[in-house]
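Here's the structure we're looking at; comments come further down.
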Amino acid sequence: MTISCPTCKKPSAPRAENKAFPFCSERCRLIDLGDWLSESYRVPVGPDATERDGVSEDEAAGRVRTPDDLPN
Ligand SMILES: [Zn+2]
């Protein structure tokens, strides 16, 4: 019987050889825990999360060229 990791959907190793069971790895277990505790909070995956990206993207969308910027 094969168990799929609830986080990444990859097959998980059996409980006997996998202390993160039913997750495939400790990392996936922690990710799932983080989602549970706070839906909006994301466990940082890398040194630079995408947080900054989202903010700047919002700002850019808010103030794209306006007619007043034309040199006319
Ligand atoms: Zn996984």
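Ligands are numbered from 1 in the order shown, chains are lettered A, B, ... in the order of the structure tokens, and residues start at 1 in each chain.
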
Let me have all residues with an atom within 9 Å of ligand 1, counting only C-alpha atoms and all ligand atoms, laid out as number ranges by chain. A: 4-12, 22-29

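The interatomic distance for the pair CA of Pro14 in chain A and CA of Leu33 in chain A works out to 19.9 Å.
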